[in-house]
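**Q** Input final-v9.pdb, format and content: PDB, C-alpha atoms.
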MODEL        1
ATOM      1  CA  MET A   1     101.101 107.829 135.600
ATOM      2  CA  ASN A   2     100.604 109.845 132.419
ATOM      3  CA  SER A   3      97.610 108.386 130.560
ATOM      4  CA  TYR A   4      99.260 108.562 127.120
ATOM      5  CA  LEU A   5     102.419 106.864 128.289
ATOM      6  CA  LYS A   6     100.228 104.251 129.968
ATOM      7  CA  GLN A   7      98.794 103.375 126.554
ATOM      8  CA  ALA A   8     102.314 103.158 125.158
ATOM      9  CA  LEU A   9     103.154 100.712 127.970
ATOM     10  CA  ILE A  10     100.105  98.617 127.099
ATOM     11  CA  GLU A  11     101.444  98.453 123.543
ATOM     12  CA  ALA A  12     104.895  97.425 124.813
ATOM     13  CA  LYS A  13     103.343  94.656 126.925
ATOM     14  CA  GLU A  14     101.366  93.399 123.939
ATOM     15  CA  GLY A  15     104.564  93.209 121.895
ATOM     16  CA  ILE A  16     106.331  91.261 124.628
ATOM     17  CA  GLN A  17     103.435  88.883 125.080
ATOM     18  CA  LYS A  18     103.201  88.185 121.339
ATOM     19  CA  GLN A  19     107.024  88.082 120.969
ATOM     20  CA  GLU A  20     106.810  90.503 118.069
ATOM     21  CA  GLY A  21     109.974  92.447 118.918
ATOM     22  CA  GLY A  22     111.718  94.447 121.633
ATOM     23  CA  PRO A  23     109.803  95.674 124.729
ATOM     24  CA  PHE A  24     108.950  99.116 123.396
ATOM     25  CA  GLY A  25     105.692 100.972 122.778
ATOM     26  CA  ALA A  26     104.787 104.452 121.550
ATOM     27  CA  VAL A  27     101.730 106.584 120.940
ATOM     28  CA  ILE A  28     101.223 109.816 119.017
ATOM     29  CA  VAL A  29      98.896 112.467 120.366
ATOM     30  CA  TYR A  30      97.140 115.094 118.235
ATOM     31  CA  ASN A  31      94.582 117.523 119.640
ATOM     32  CA  ASN A  32      94.795 115.716 122.998
ATOM     33  CA  LYS A  33      93.805 112.411 121.441
ATOM     34  CA  ILE A  34      95.872 109.324 120.688
ATOM     35  CA  ILE A  35      95.775 108.925 116.908
ATOM     36  CA  ALA A  36      98.381 106.151 116.620
ATOM     37  CA  ALA A  37      99.635 103.459 118.964
ATOM     38  CA  ALA A  38     102.314 100.931 118.089
ATOM     39  CA  HIS A  39     104.913  98.568 119.456
ATOM     40  CA  ASN A  40     108.175  97.185 118.158
ATOM     41  CA  GLU A  41     107.495  94.697 115.346
ATOM     42  CA  VAL A  42     111.047  94.031 114.167
ATOM     43  CA  LEU A  43     110.692  90.276 114.552
ATOM     44  CA  VAL A  44     107.157  89.689 113.355
ATOM     45  CA  ASN A  45     107.497  91.974 110.334
ATOM     46  CA  HIS A  46     111.087  90.991 109.466
ATOM     47  CA  ASP A  47     111.797  94.719 109.459
ATOM     48  CA  PRO A  48     114.757  96.251 111.322
ATOM     49  CA  THR A  49     113.128  99.691 111.008
ATOM     50  CA  ALA A  50     109.871  98.634 112.701
ATOM     51  CA  HIS A  51     110.605 100.278 116.049
ATOM     52  CA  ALA A  52     107.623 101.495 118.085
ATOM     53  CA  GLU A  53     108.189 105.177 117.281
ATOM     54  CA  ILE A  54     108.707 104.585 113.544
ATOM     55  CA  ASN A  55     105.553 102.462 113.420
ATOM     56  CA  ALA A  56     103.590 105.116 115.315
ATOM     57  CA  ILE A  57     104.859 107.898 113.022
ATOM     58  CA  ARG A  58     103.921 105.894 109.943
ATOM     59  CA  LYS A  59     100.416 105.254 111.289
ATOM     60  CA  ALA A  60      99.862 108.876 112.344
ATOM     61  CA  SER A  61     101.105 110.227 109.007
ATOM     62  CA  ALA A  62      98.799 107.871 107.128
ATOM     63  CA  ILE A  63      95.850 108.997 109.256
ATOM     64  CA  LEU A  64      96.600 112.726 108.917
ATOM     65  CA  LYS A  65      97.578 112.245 105.252
ATOM     66  CA  THR A  66     100.756 114.283 105.659
ATOM     67  CA  HIS A  67     104.422 113.663 106.441
ATOM     68  CA  ASP A  68     104.320 116.810 108.603
ATOM     69  CA  LEU A  69     103.331 115.945 112.198
ATOM     70  CA  LYS A  70     104.232 119.377 113.592
ATOM     71  CA  ASP A  71     101.184 119.503 115.864
ATOM     72  CA  CYS A  72     101.768 116.061 117.336
ATOM     73  CA  VAL A  73     103.536 114.895 120.486
ATOM     74  CA  ILE A  74     105.056 111.429 120.881
ATOM     75  CA  TYR A  75     105.115 109.296 124.033
ATOM     76  CA  SER A  76     107.520 106.378 124.109
ATOM     77  CA  THR A  77     108.213 103.819 126.826
ATOM     78  CA  CYS A  78     111.934 104.293 126.146
ATOM     79  CA  GLU A  79     114.184 107.121 124.996
ATOM     80  CA  PRO A  80     114.178 106.954 121.175
ATOM     81  CA  CYS A  81     117.190 105.418 119.451
ATOM     82  CA  PRO A  82     118.981 107.664 116.917
ATOM     83  CA  MET A  83     116.946 106.218 114.039
ATOM     84  CA  CYS A  84     113.674 107.064 115.785
ATOM     85  CA  LEU A  85     114.893 110.427 117.071
ATOM     86  CA  ALA A  86     115.916 111.480 113.559
ATOM     87  CA  ALA A  87     112.550 110.204 112.263
ATOM     88  CA  ILE A  88     110.833 112.361 114.901
ATOM     89  CA  ILE A  89     112.774 115.384 113.612
ATOM     90  CA  TRP A  90     111.939 114.605 109.963
ATOM     91  CA  ALA A  91     108.277 114.387 111.066
ATOM     92  CA  ASN A  92     108.607 117.838 112.710
ATOM     93  CA  ILE A  93     107.480 116.517 116.093
ATOM     94  CA  LYS A  94     108.852 118.929 118.683
ATOM     95  CA  THR A  95     108.238 117.138 121.993
ATOM     96  CA  VAL A  96     109.015 113.603 123.143
ATOM     97  CA  TYR A  97     107.994 112.151 126.510
ATOM     98  CA  TYR A  98     109.757 108.929 127.399
ATOM     99  CA  GLY A  99     110.068 106.500 130.313
ATOM    100  CA  CYS A 100     113.227 104.362 130.323
ATOM    101  CA  SER A 101     116.556 105.740 129.142
ATOM    102  CA  LYS A 102     118.860 104.568 126.374
ATOM    103  CA  LYS A 103     121.071 103.183 129.148
ATOM    104  CA  ASP A 104     118.225 100.895 130.248
ATOM    105  CA  ALA A 105     117.864  99.701 126.645
ATOM    106  CA  SER A 106     121.580  98.923 126.528
ATOM    107  CA  LEU A 107     121.371  97.010 129.816
ATOM    108  CA  ILE A 108     118.912  94.574 128.236
ATOM    109  CA  GLY A 109     121.078  94.093 125.134
ATOM    110  CA  PHE A 110     120.100  96.774 122.619
ATOM    111  CA  ARG A 111     122.706  98.906 120.836
ATOM    112  CA  ASP A 112     121.102 102.337 121.324
ATOM    113  CA  GLU A 113     124.042 103.791 123.252
ATOM    114  CA  ASP A 114     126.588 102.382 120.799
ATOM    115  CA  ILE A 115     124.786 104.015 117.883
ATOM    116  CA  TYR A 116     124.661 107.338 119.745
ATOM    117  CA  GLU A 117     128.423 107.051 120.365
ATOM    118  CA  TYR A 118     129.017 106.171 116.714
ATOM    119  CA  LEU A 119     127.108 109.263 115.552
ATOM    120  CA  LYS A 120     129.238 111.397 117.871
ATOM    121  CA  GLY A 121     132.317 110.019 116.109
ATOM    122  CA  HIS A 122     133.456 107.964 119.107
ATOM    123  CA  LYS A 123     132.960 104.494 117.694
ATOM    124  CA  LYS A 124     133.351 102.622 114.390
ATOM    125  CA  MET A 125     130.292 100.698 113.183
ATOM    126  CA  VAL A 126     129.869 101.080 109.393
ATOM    127  CA  ASP A 127     132.193 101.602 106.427
ATOM    128  CA  LEU A 128     131.048 104.617 104.405
ATOM    129  CA  LYS A 129     132.666 104.941 100.976
ATOM    130  CA  GLN A 130     132.014 107.790  98.558
ATOM    131  CA  ILE A 131     132.025 106.908  94.841
ATOM    132  CA  ASP A 132     130.717 108.381  91.561
ATOM    133  CA  TYR A 133     130.164 111.837  93.020
ATOM    134  CA  GLU A 134     129.795 113.747  89.740
ATOM    135  CA  GLU A 135     127.116 111.467  88.327
ATOM    136  CA  CYS A 136     125.061 111.609  91.516
ATOM    137  CA  LEU A 137     125.410 115.370  91.914
ATOM    138  CA  LYS A 138     123.993 115.890  88.411
ATOM    139  CA  VAL A 139     120.705 114.257  89.431
ATOM    140  CA  MET A 140     120.474 116.366  92.589
ATOM    141  CA  GLN A 141     121.019 119.498  90.514
ATOM    142  CA  GLU A 142     118.308 118.367  88.102
ATOM    143  CA  TYR A 143     115.921 118.224  91.051
ATOM    144  CA  GLN A 144     117.030 121.620  92.293
ATOM    145  CA  ASN A 145     116.412 123.204  88.903
ATOM    146  CA  LYS A 146     113.033 121.552  88.509
ATOM    147  CA  GLN A 147     109.998 123.801  88.800
ATOM    148  CA  GLY A 148     107.313 122.937  91.300
ATOM    149  CA  LYS A 149     109.304 120.906  93.764
ATOM    150  CA  ILE A 150     107.257 120.765  96.925
ATOM    151  CA  TYR A 151     109.383 118.956  99.467
TER     152      TYR A 151
ATOM    153  CA  MET B   1     130.171 104.332  87.036
ATOM    154  CA  ASN B   2     129.415 101.547  89.513
ATOM    155  CA  SER B   3     126.528  99.486  88.115
ATOM    156  CA  TYR B   4     124.695  99.187  91.456
ATOM    157  CA  LEU B   5     124.873 102.899  92.146
ATOM    158  CA  LYS B   6     123.674 103.482  88.588
ATOM    159  CA  GLN B   7     120.482 101.577  89.430
ATOM    160  CA  ALA B   8     120.097 103.663  92.571
ATOM    161  CA  LEU B   9     120.369 106.784  90.375
ATOM    162  CA  ILE B  10     117.682 105.431  88.062
ATOM    163  CA  GLU B  11     115.469 105.064  91.149
ATOM    164  CA  ALA B  12     116.250 108.643  92.218
ATOM    165  CA  LYS B  13     115.353 109.940  88.763
ATOM    166  CA  GLU B  14     112.068 108.039  88.809
ATOM    167  CA  GLY B  15     111.199 109.625  92.162
ATOM    168  CA  ILE B  16     111.965 113.100  90.839
ATOM    169  CA  GLN B  17     109.975 112.547  87.666
ATOM    170  CA  LYS B  18     106.942 111.259  89.592
ATOM    171  CA  GLN B  19     107.378 113.922  92.328
ATOM    172  CA  GLU B  20     107.166 111.238  94.987
ATOM    173  CA  GLY B  21     109.761 112.776  97.318
ATOM    174  CA  GLY B  22     113.351 113.981  97.559
ATOM    175  CA  PRO B  23     115.910 113.141  94.839
ATOM    176  CA  PHE B  24     117.330 110.037  96.474
ATOM    177  CA  GLY B  25     117.608 106.382  95.447
ATOM    178  CA  ALA B  26     119.124 103.278  97.014
ATOM    179  CA  VAL B  27     119.637  99.614  96.215
ATOM    180  CA  ILE B  28     120.587  96.646  98.375
ATOM    181  CA  VAL B  29     122.946  94.008  97.027
ATOM    182  CA  TYR B  30     123.075  90.399  98.261
ATOM    183  CA  ASN B  31     125.244  87.743  96.640
ATOM    184  CA  ASN B  32     126.228  90.260  93.944
ATOM    185  CA  LYS B  33     122.603  90.810  92.948
ATOM    186  CA  ILE B  34     120.291  93.755  93.566
ATOM    187  CA  ILE B  35     117.470  92.389  95.728
ATOM    188  CA  ALA B  36     115.800  95.721  96.542
ATOM    189  CA  ALA B  37     115.671  99.098  94.818
ATOM    190  CA  ALA B  38     113.799 102.104  96.148
ATOM    191  CA  HIS B  39     113.520 105.853  96.073
ATOM    192  CA  ASN B  40     112.307 108.461  98.503
ATOM    193  CA  GLU B  41     108.501 108.271  98.832
ATOM    194  CA  VAL B  42     107.944 110.737 101.668
ATOM    195  CA  LEU B  43     105.427 112.756  99.688
ATOM    196  CA  VAL B  44     103.509 110.071  97.856
ATOM    197  CA  ASN B  45     103.206 107.815 100.910
ATOM    198  CA  HIS B  46     102.646 110.607 103.454
ATOM    199  CA  ASP B  47     105.465 109.005 105.411
ATOM    200  CA  PRO B  48     108.381 111.025 106.813
ATOM    201  CA  THR B  49     110.338 107.781 107.314
ATOM    202  CA  ALA B  50     110.060 106.706 103.661
ATOM    203  CA  HIS B  51     113.616 107.618 102.681
ATOM    204  CA  ALA B  52     115.251 105.603  99.901
ATOM    205  CA  GLU B  53     117.494 103.604 102.266
ATOM    206  CA  ILE B  54     114.669 102.808 104.721
ATOM    207  CA  ASN B  55     112.431 101.696 101.847
ATOM    208  CA  ALA B  56     115.215  99.535 100.411
ATOM    209  CA  ILE B  57     115.944  97.951 103.811
ATOM    210  CA  ARG B  58     112.256  97.178 104.341
ATOM    211  CA  LYS B  59     112.007  95.567 100.897
ATOM    212  CA  ALA B  60     115.212  93.532 101.310
ATOM    213  CA  SER B  61     114.204  92.321 104.775
ATOM    214  CA  ALA B  62     110.804  91.241 103.499
ATOM    215  CA  ILE B  63     112.446  89.339 100.640
ATOM    216  CA  LEU B  64     115.057  87.635 102.837
ATOM    217  CA  LYS B  65     112.461  87.135 105.613
ATOM    218  CA  THR B  66     114.835  88.436 108.279
ATOM    219  CA  HIS B  67     115.626  91.742 109.961
ATOM    220  CA  ASP B  68     119.315  90.763 109.803
ATOM    221  CA  LEU B  69     120.887  91.963 106.533
ATOM    222  CA  LYS B  70     124.465  91.222 107.626
ATOM    223  CA  ASP B  71     125.464  89.859 104.208
ATOM    224  CA  CYS B  72     124.076  92.826 102.296
ATOM    225  CA  VAL B  73     125.677  96.029 101.020
ATOM    226  CA  ILE B  74     123.748  99.230 100.392
ATOM    227  CA  TYR B  75     124.325 101.747  97.596
ATOM    228  CA  SER B  76     122.753 105.164  97.980
ATOM    229  CA  THR B  77     122.858 108.201  95.705
ATOM    230  CA  CYS B  78     123.488 110.342  98.798
ATOM    231  CA  GLU B  79     125.191 109.885 102.147
ATOM    232  CA  PRO B  80     122.533 108.462 104.482
ATOM    233  CA  CYS B  81     120.869 110.808 106.969
ATOM    234  CA  PRO B  82     121.169 109.812 110.653
ATOM    235  CA  MET B  83     117.811 108.006 110.533
ATOM    236  CA  CYS B  84     118.926 105.872 107.604
ATOM    237  CA  LEU B  85     122.443 105.368 108.945
ATOM    238  CA  ALA B  86     121.068 104.092 112.256
ATOM    239  CA  ALA B  87     118.621 101.877 110.327
ATOM    240  CA  ILE B  88     121.597 100.475 108.383
ATOM    241  CA  ILE B  89     123.291  99.640 111.700
ATOM    242  CA  TRP B  90     120.147  98.030 113.133
ATOM    243  CA  ALA B  91     119.991  95.958 109.916
ATOM    244  CA  ASN B  92     123.637  94.887 110.479
ATOM    245  CA  ILE B  93     124.707  96.181 107.062
ATOM    246  CA  LYS B  94     128.446  96.844 107.305
ATOM    247  CA  THR B  95     129.244  98.736 104.089
ATOM    248  CA  VAL B  96     127.617 101.752 102.459
ATOM    249  CA  TYR B  97     128.604 103.191  99.089
ATOM    250  CA  TYR B  98     127.217 106.651  98.417
ATOM    251  CA  GLY B  99     127.480 109.421  95.813
ATOM    252  CA  CYS B 100     126.574 112.919  97.056
ATOM    253  CA  SER B 101     127.430 114.060 100.559
ATOM    254  CA  LYS B 102     125.195 115.275 103.370
ATOM    255  CA  LYS B 103     126.475 118.762 102.534
ATOM    256  CA  ASP B 104     125.001 118.450  99.031
ATOM    257  CA  ALA B 105     121.679 117.425 100.596
ATOM    258  CA  SER B 106     121.773 120.483 102.830
ATOM    259  CA  LEU B 107     122.538 122.742  99.860
ATOM    260  CA  ILE B 108     119.236 121.728  98.239
ATOM    261  CA  GLY B 109     117.260 122.311 101.437
ATOM    262  CA  PHE B 110     117.339 119.088 103.455
ATOM    263  CA  ARG B 111     118.202 119.034 107.161
ATOM    264  CA  ASP B 112     120.679 116.128 107.162
ATOM    265  CA  GLU B 113     123.589 118.191 108.482
ATOM    266  CA  ASP B 114     121.446 119.850 111.162
ATOM    267  CA  ILE B 115     120.327 116.451 112.450
ATOM    268  CA  TYR B 116     123.940 115.227 112.529
ATOM    269  CA  GLU B 117     124.876 118.346 114.521
ATOM    270  CA  TYR B 118     121.941 117.811 116.872
ATOM    271  CA  LEU B 119     123.015 114.217 117.558
ATOM    272  CA  LYS B 120     126.517 115.464 118.372
ATOM    273  CA  GLY B 121     124.955 117.770 120.979
ATOM    274  CA  HIS B 122     125.699 120.964 119.020
ATOM    275  CA  LYS B 123     122.161 122.000 118.188
ATOM    276  CA  LYS B 124     118.693 122.034 119.789
ATOM    277  CA  MET B 125     115.899 120.444 117.753
ATOM    278  CA  VAL B 126     113.576 118.407 120.009
ATOM    279  CA  ASP B 127     112.433 118.581 123.640
ATOM    280  CA  LEU B 128     113.047 115.241 125.348
ATOM    281  CA  LYS B 129     111.309 114.851 128.711
ATOM    282  CA  GLN B 130     111.624 111.788 130.933
ATOM    283  CA  ILE B 131     108.523 110.816 132.950
ATOM    284  CA  ASP B 132     107.137 107.736 134.726
ATOM    285  CA  TYR B 133     110.488 105.965 134.832
ATOM    286  CA  GLU B 134     109.604 103.304 137.420
ATOM    287  CA  GLU B 135     106.482 102.096 135.613
ATOM    288  CA  CYS B 136     108.307 101.814 132.295
ATOM    289  CA  LEU B 137     111.344 100.094 133.784
ATOM    290  CA  LYS B 138     109.113  97.383 135.272
ATOM    291  CA  VAL B 139     107.973  96.351 131.788
ATOM    292  CA  MET B 140     111.538  96.245 130.482
ATOM    293  CA  GLN B 141     112.522  94.033 133.405
ATOM    294  CA  GLU B 142     109.554  91.770 132.681
ATOM    295  CA  TYR B 143     110.953  91.291 129.176
ATOM    296  CA  GLN B 144     114.447  90.687 130.480
ATOM    297  CA  ASN B 145     113.217  87.984 132.855
ATOM    298  CA  LYS B 146     111.074  86.325 130.211
ATOM    299  CA  GLN B 147     112.262  82.977 128.932
ATOM    300  CA  GLY B 148     112.766  82.510 125.230
ATOM    301  CA  LYS B 149     113.358  86.086 124.164
ATOM    302  CA  ILE B 150     114.930  85.942 120.747
ATOM    303  CA  TYR B 151     115.769  89.546 119.839
TER     304      TYR B 151
ENDMDL
END
What is this structure when it is put down as C-alpha cells?
**A**
Amino acid sequence: MNSYLKQALIEAKEGIQKQEGGPFGAVIVYNNKIIAAAHNEVLVNHDPTAHAEINAIRKASAILKTHDLKDCVIYSTCEPCPMCLAAIIWANIKTVYYGCSKKDASLIGFRDEDIYEYLKGHKKMVDLKQIDYEECLKVMQEYQNKQGKIY
Amino acid sequence: MNSYLKQALIEAKEGIQKQEGGPFGAVIVYNNKIIAAAHNEVLVNHDPTAHAEINAIRKASAILKTHDLKDCVIYSTCEPCPMCLAAIIWANIKTVYYGCSKKDASLIGFRDEDIYEYLKGHKKMVDLKQIDYEECLKVMQEYQNKQGKIY
C-alpha cells in the first residue's frame, strides 16, 4: 500500500490502542517527506476538534511556521469530515488521499454523513440566530479600512 | 446589544488591534456565564484552524474537561464557516448566535461562501482520491470489534 497512508494507519492504530479517540490517522507530506503525523485525540485531549487531520494540519503549520500549506498533501485513513475538509481548504492543501469513506465512518457510529447532509441543507442540526448585525458589521468594516492587513 | 456578543466583539477588536488574524471573535456560555472567549489567531499561531469559534470550543472543552459541550451556547461576531459549524456540531452545541453573515465575510476577502458552495457540490476546491480501501477498512473494523470503546 501507499507508504504515506501506511504511516497514517500506524497512527490510527496507536490511537485505538491508547483509546485516545476515534480510529483515524493522518499524515502531511511536504517535499516527499512526512512532516506531521497525528491521530484522533478527541477523548484524551477533551477536544472535539482534535480530529487526525486537524491535528496534522496544526503540527505541519507549526513546523513550517505558516498557515499556508499550499505545497503539502494530506493522507488520511478516512475521508475527511466537513470540519477537516474545510480546514484542508483554509490551509490551501489541494490534494487529499484517503482510505475509508464517510459511509464507513457512519457505519461505526460517527456523524460524518449527517453533517454533510446538514451542510447541503437536507437536515436540521443546529439553530443559527442572527442578532446585533449593525454593531458587528462596524468592527468588520474597521478591519477592512485598516492599513496593513495581511490575512 | 446582547452582552455575550458584546464580549465576542471585544475579542474581535483585540485580534484586529494585535493583527493576530481575521476580525472575528467568539464566546461560549455555560450556565449563563462566559467560560471561554477567543478571537481568530490564524496569523499569530501559524494555524489555519485557529478560528475564533474553534479556539473558543477548545478552551471551553479544556475547562469543562469534556469534548461534549451539549449545555453550552456559542456567540460569534460572524456566521461560522463550515469548519467551525461542523466543529460546533461535533461539540454538540445546539444554538449559535451570530452577528455578520458569511456574505459579509466574503465581502472582506474570506472564502466562507466558496467553501459552503463546495460542500453543496457546486464548486471544485480540493482533489479527493480514494486509495488502499481494504487496508484502512481493516483497522476501522478492529476498532468496531474492540471491547470498551467509549467514543
**Q** List the residues matched by the PyMOL selection byres ((chain B and resi 77) around 6) in the displayed structure as a list in words, ordered by chain and then by residue number.
**A**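 With the shown file as input, the PyMOL selection byres ((chain B and resi 77) around 6) matches Cys136 of chain A; Phe24, Gly25, Ser76, Cys78, Tyr98 and Gly99 of chain B.
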**Q** Atoms to include: C-alpha atoms. Write the selected residues as an mmCIF file, in the coordinates of the input.
**A**
data_model
loop_
_atom_site.group_PDB
_atom_site.id
_atom_site.type_symbol
_atom_site.label_atom_id
_atom_site.label_comp_id
_atom_site.auth_asym_id
_atom_site.auth_seq_id
_atom_site.Cartn_x
_atom_site.Cartn_y
_atom_site.Cartn_z
ATOM 1 C CA CYS A 136 125.061 111.609 91.516
ATOM 2 C CA PHE B 24 117.330 110.037 96.474
ATOM 3 C CA GLY B 25 117.608 106.382 95.447
ATOM 4 C CA SER B 76 122.753 105.164 97.980
ATOM 5 C CA CYS B 78 123.488 110.342 98.798
ATOM 6 C CA TYR B 98 127.217 106.651 98.417
ATOM 7 C CA GLY B 99 127.480 109.421 95.813
#
**Q** For chain A against chain B, which residues fall within 7 Å using only C-alpha atoms, given as a PDB file with C-alpha atoms, in the coordinates of the input?
**A**
ATOM      1  CA  MET A   1     101.101 107.829 135.600  1.00  0.00           C
ATOM      2  CA  LEU A   9     103.154 100.712 127.970  1.00  0.00           C
ATOM      3  CA  LYS A  13     103.343  94.656 126.925  1.00  0.00           C
ATOM      4  CA  ILE A  16     106.331  91.261 124.628  1.00  0.00           C
ATOM      5  CA  GLY A  21     109.974  92.447 118.918  1.00  0.00           C
ATOM      6  CA  GLY A  22     111.718  94.447 121.633  1.00  0.00           C
ATOM      7  CA  PRO A  23     109.803  95.674 124.729  1.00  0.00           C
ATOM      8  CA  VAL A  42     111.047  94.031 114.167  1.00  0.00           C
ATOM      9  CA  LEU A  43     110.692  90.276 114.552  1.00  0.00           C
ATOM     10  CA  HIS A  46     111.087  90.991 109.466  1.00  0.00           C
ATOM     11  CA  ASP A  47     111.797  94.719 109.459  1.00  0.00           C
ATOM     12  CA  PRO A  48     114.757  96.251 111.322  1.00  0.00           C
ATOM     13  CA  THR A  49     113.128  99.691 111.008  1.00  0.00           C
ATOM     14  CA  ARG A  58     103.921 105.894 109.943  1.00  0.00           C
ATOM     15  CA  SER A  61     101.105 110.227 109.007  1.00  0.00           C
ATOM     16  CA  ALA A  62      98.799 107.871 107.128  1.00  0.00           C
ATOM     17  CA  LYS A  65      97.578 112.245 105.252  1.00  0.00           C
ATOM     18  CA  THR A  66     100.756 114.283 105.659  1.00  0.00           C
ATOM     19  CA  HIS A  67     104.422 113.663 106.441  1.00  0.00           C
ATOM     20  CA  THR A  77     108.213 103.819 126.826  1.00  0.00           C
ATOM     21  CA  PRO A  82     118.981 107.664 116.917  1.00  0.00           C
ATOM     22  CA  MET A  83     116.946 106.218 114.039  1.00  0.00           C
ATOM     23  CA  CYS A  84     113.674 107.064 115.785  1.00  0.00           C
ATOM     24  CA  ALA A  86     115.916 111.480 113.559  1.00  0.00           C
ATOM     25  CA  ALA A  87     112.550 110.204 112.263  1.00  0.00           C
ATOM     26  CA  TRP A  90     111.939 114.605 109.963  1.00  0.00           C
ATOM     27  CA  ALA A  91     108.277 114.387 111.066  1.00  0.00           C
ATOM     28  CA  LYS A  94     108.852 118.929 118.683  1.00  0.00           C
ATOM     29  CA  THR A  95     108.238 117.138 121.993  1.00  0.00           C
ATOM     30  CA  VAL A  96     109.015 113.603 123.143  1.00  0.00           C
ATOM     31  CA  TYR A  97     107.994 112.151 126.510  1.00  0.00           C
ATOM     32  CA  TYR A  98     109.757 108.929 127.399  1.00  0.00           C
ATOM     33  CA  GLY A  99     110.068 106.500 130.313  1.00  0.00           C
ATOM     34  CA  CYS A 100     113.227 104.362 130.323  1.00  0.00           C
ATOM     35  CA  ILE A 108     118.912  94.574 128.236  1.00  0.00           C
ATOM     36  CA  ILE A 115     124.786 104.015 117.883  1.00  0.00           C
ATOM     37  CA  LEU A 119     127.108 109.263 115.552  1.00  0.00           C
ATOM     38  CA  LYS A 120     129.238 111.397 117.871  1.00  0.00           C
ATOM     39  CA  VAL A 126     129.869 101.080 109.393  1.00  0.00           C
ATOM     40  CA  ASP A 127     132.193 101.602 106.427  1.00  0.00           C
ATOM     41  CA  LEU A 128     131.048 104.617 104.405  1.00  0.00           C
ATOM     42  CA  LYS A 129     132.666 104.941 100.976  1.00  0.00           C
ATOM     43  CA  GLN A 130     132.014 107.790  98.558  1.00  0.00           C
ATOM     44  CA  ILE A 131     132.025 106.908  94.841  1.00  0.00           C
ATOM     45  CA  ASP A 132     130.717 108.381  91.561  1.00  0.00           C
ATOM     46  CA  TYR A 133     130.164 111.837  93.020  1.00  0.00           C
ATOM     47  CA  CYS A 136     125.061 111.609  91.516  1.00  0.00           C
ATOM     48  CA  LEU A 137     125.410 115.370  91.914  1.00  0.00           C
ATOM     49  CA  VAL A 139     120.705 114.257  89.431  1.00  0.00           C
ATOM     50  CA  MET A 140     120.474 116.366  92.589  1.00  0.00           C
ATOM     51  CA  TYR A 143     115.921 118.224  91.051  1.00  0.00           C
ATOM     52  CA  GLN A 144     117.030 121.620  92.293  1.00  0.00           C
ATOM     53  CA  TYR A 151     109.383 118.956  99.467  1.00  0.00           C
TER      54      TYR A 151
END
**Q** Have a look at CA of Val73 in chain A and CA of His122 in chain B and let me know their distance in Å, one decimal.
**A**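 The value is 23.0 Å.
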**Q** Between CA of Glu53 in chain B and CA of Asn31 in chain B, what is the distance in Å, rounded to a tenth?
**A** 18.5 Å
**Q** So how far away is CA of Tyr30 in chain B from CA of Ser106 in chain A, in Å?
**A** 29.6 Å
